[in-house]
Amino acid sequence: RVYLGLGSFEGMTYNRLRDALASLAHFLCQRKIDSINLKFEKFEGMCTRRTTLAYVEGLRSCEYKFDKYLQEKHTWSLKKVNINVEDDK
């Protein structure tokens with residue numbers, strides 16, 4: 001298990017979520033993990049659809065590599081992602 005700290009819920013933005021998931025993606029890439037299950041609580045006042053989109057964008061951000069001119073290419077990618085956003089009610 002990996003716990004991802006998002007900081008204070010006050011002032012939470014989609015960009016903060018996206019950045020946090022990008023950090024998680026880099027962690028997964030370093031360890032060659034290609035399948036994950038994510039469980040999040042619903043954020044008060046934030047759209048679940050946009051929140052989930054921010055998660056996915058963050059995870060996908062590390063797939064782009066600046067290795068066009070390198071001999072050794074990085075081929076890691078997530079193959080399976082399950083996202084469960086729980087409503088606290």
# chains A, B, ... in the order shown; residues from 1 in each chain; ligands from 1
$ select_by_dssp --residues "chain A" --states "helix (DSSP H, G or I)" --output "JSON, numbers by chain"
{"A": [14, 15, 16, 17, 18, 19, 20, 21, 22, 23, 24, 25, 26, 27, 28, 29, 30, 48, 49, 50, 51, 52, 53, 54, 55, 56, 57, 58, 59, 60, 61, 62, 63]}
$ residues_around --residues "range 76-87 of chain A" --least-positions-apart "6" --cutoff "9 Å" --atoms "only C-alpha atoms" --output "MDAnalysis selection string"
chainID A and resid 25 28:29 32:43 48 52 55:56 59:60 62:63
$ write_last_selection --atoms "N, CA and C atoms" --output "JSON list (two decimals), in the first residue's frame"
[["chain", "number", "residue", "atom", "x", "y", "z"],
["A", 25, "ALA", "N", 2.63, 8.70, -10.15],
["A", 25, "ALA", "CA", 2.97, 8.01, -11.40],
["A", 25, "ALA", "C", 4.49, 7.84, -11.54],
["A", 28, "LEU", "N", 5.51, 5.02, -9.32],
["A", 28, "LEU", "CA", 5.16, 3.73, -9.92],
["A", 28, "LEU", "C", 6.10, 3.37, -11.06],
["A", 29, "CYS", "N", 6.45, 4.37, -11.86],
["A", 29, "CYS", "CA", 7.36, 4.15, -13.00],
["A", 29, "CYS", "C", 8.71, 3.65, -12.52],
["A", 32, "LYS", "N", 8.41, 0.07, -11.73],
["A", 32, "LYS", "CA", 7.87, -0.75, -12.82],
["A", 32, "LYS", "C", 6.53, -1.40, -12.46],
["A", 33, "ILE", "N", 5.70, -0.68, -11.72],
["A", 33, "ILE", "CA", 4.37, -1.15, -11.35],
["A", 33, "ILE", "C", 3.42, -0.74, -12.47],
["A", 34, "ASP", "N", 2.66, -1.69, -13.02],
["A", 34, "ASP", "CA", 1.82, -1.36, -14.17],
["A", 34, "ASP", "C", 0.32, -1.50, -13.91],
["A", 35, "SER", "N", -0.07, -1.82, -12.68],
["A", 35, "SER", "CA", -1.48, -1.99, -12.36],
["A", 35, "SER", "C", -1.73, -1.46, -10.95],
["A", 36, "ILE", "N", -2.73, -0.58, -10.80],
["A", 36, "ILE", "CA", -3.01, -0.02, -9.48],
["A", 36, "ILE", "C", -4.50, 0.10, -9.23],
["A", 37, "ASN", "N", -4.85, 0.12, -7.96],
["A", 37, "ASN", "CA", -6.21, 0.40, -7.51],
["A", 37, "ASN", "C", -6.14, 1.64, -6.64],
["A", 38, "LEU", "N", -6.90, 2.66, -6.99],
["A", 38, "LEU", "CA", -6.91, 3.92, -6.25],
["A", 38, "LEU", "C", -8.24, 4.08, -5.53],
["A", 39, "LYS", "N", -8.17, 4.52, -4.28],
["A", 39, "LYS", "CA", -9.38, 4.74, -3.49],
["A", 39, "LYS", "C", -9.29, 6.13, -2.88],
["A", 40, "PHE", "N", -10.25, 6.98, -3.23],
["A", 40, "PHE", "CA", -10.27, 8.36, -2.76],
["A", 40, "PHE", "C", -11.61, 8.67, -2.14],
["A", 41, "GLU", "N", -11.60, 9.62, -1.21],
["A", 41, "GLU", "CA", -12.85, 10.16, -0.69],
["A", 41, "GLU", "C", -13.28, 11.31, -1.58],
["A", 42, "LYS", "N", -14.58, 11.53, -1.65],
["A", 42, "LYS", "CA", -15.11, 12.64, -2.45],
["A", 42, "LYS", "C", -14.76, 13.94, -1.74],
["A", 43, "PHE", "N", -14.29, 14.92, -2.51],
["A", 43, "PHE", "CA", -13.96, 16.22, -1.95],
["A", 43, "PHE", "C", -15.19, 17.11, -1.94],
["A", 48, "THR", "N", -17.01, 15.38, -9.02],
["A", 48, "THR", "CA", -16.38, 14.06, -9.07],
["A", 48, "THR", "C", -15.81, 13.76, -10.44],
["A", 52, "THR", "N", -11.85, 13.09, -11.08],
["A", 52, "THR", "CA", -11.37, 11.86, -11.69],
["A", 52, "THR", "C", -10.52, 12.17, -12.92],
["A", 55, "TYR", "N", -7.13, 13.11, -11.81],
["A", 55, "TYR", "CA", -6.37, 11.92, -11.44],
["A", 55, "TYR", "C", -5.75, 11.26, -12.68],
["A", 56, "VAL", "N", -6.58, 11.07, -13.68],
["A", 56, "VAL", "CA", -6.12, 10.39, -14.90],
["A", 56, "VAL", "C", -5.05, 11.22, -15.61],
["A", 59, "LEU", "N", -1.79, 10.84, -13.75],
["A", 59, "LEU", "CA", -1.17, 9.54, -13.98],
["A", 59, "LEU", "C", -0.57, 9.43, -15.37],
["A", 60, "ARG", "N", -1.20, 10.02, -16.35],
["A", 60, "ARG", "CA", -0.71, 9.94, -17.73],
["A", 60, "ARG", "C", 0.47, 10.86, -17.99],
["A", 62, "CYS", "N", 3.37, 11.19, -16.76],
["A", 62, "CYS", "CA", 4.73, 10.66, -16.77],
["A", 62, "CYS", "C", 4.97, 9.70, -17.93],
["A", 63, "GLU", "N", 3.95, 9.44, -18.73],
["A", 63, "GLU", "CA", 4.15, 8.56, -19.89],
["A", 63, "GLU", "C", 4.90, 9.26, -21.01]]
$ closest_residue --among "A:Glu57, A:Thr51, A:Leu24, A:Asp19" --to "Tyr3 in chain A" --atoms "only C-alpha atoms"
A:Leu24
$ residues_around --residues "range 4-18 of chain A" --least-positions-apart "2" --cutoff "6 Å" --atoms "only C-alpha atoms" --output "list in words"
Ala20, Leu21, Ala54, Tyr55 and Gly58 of chain A
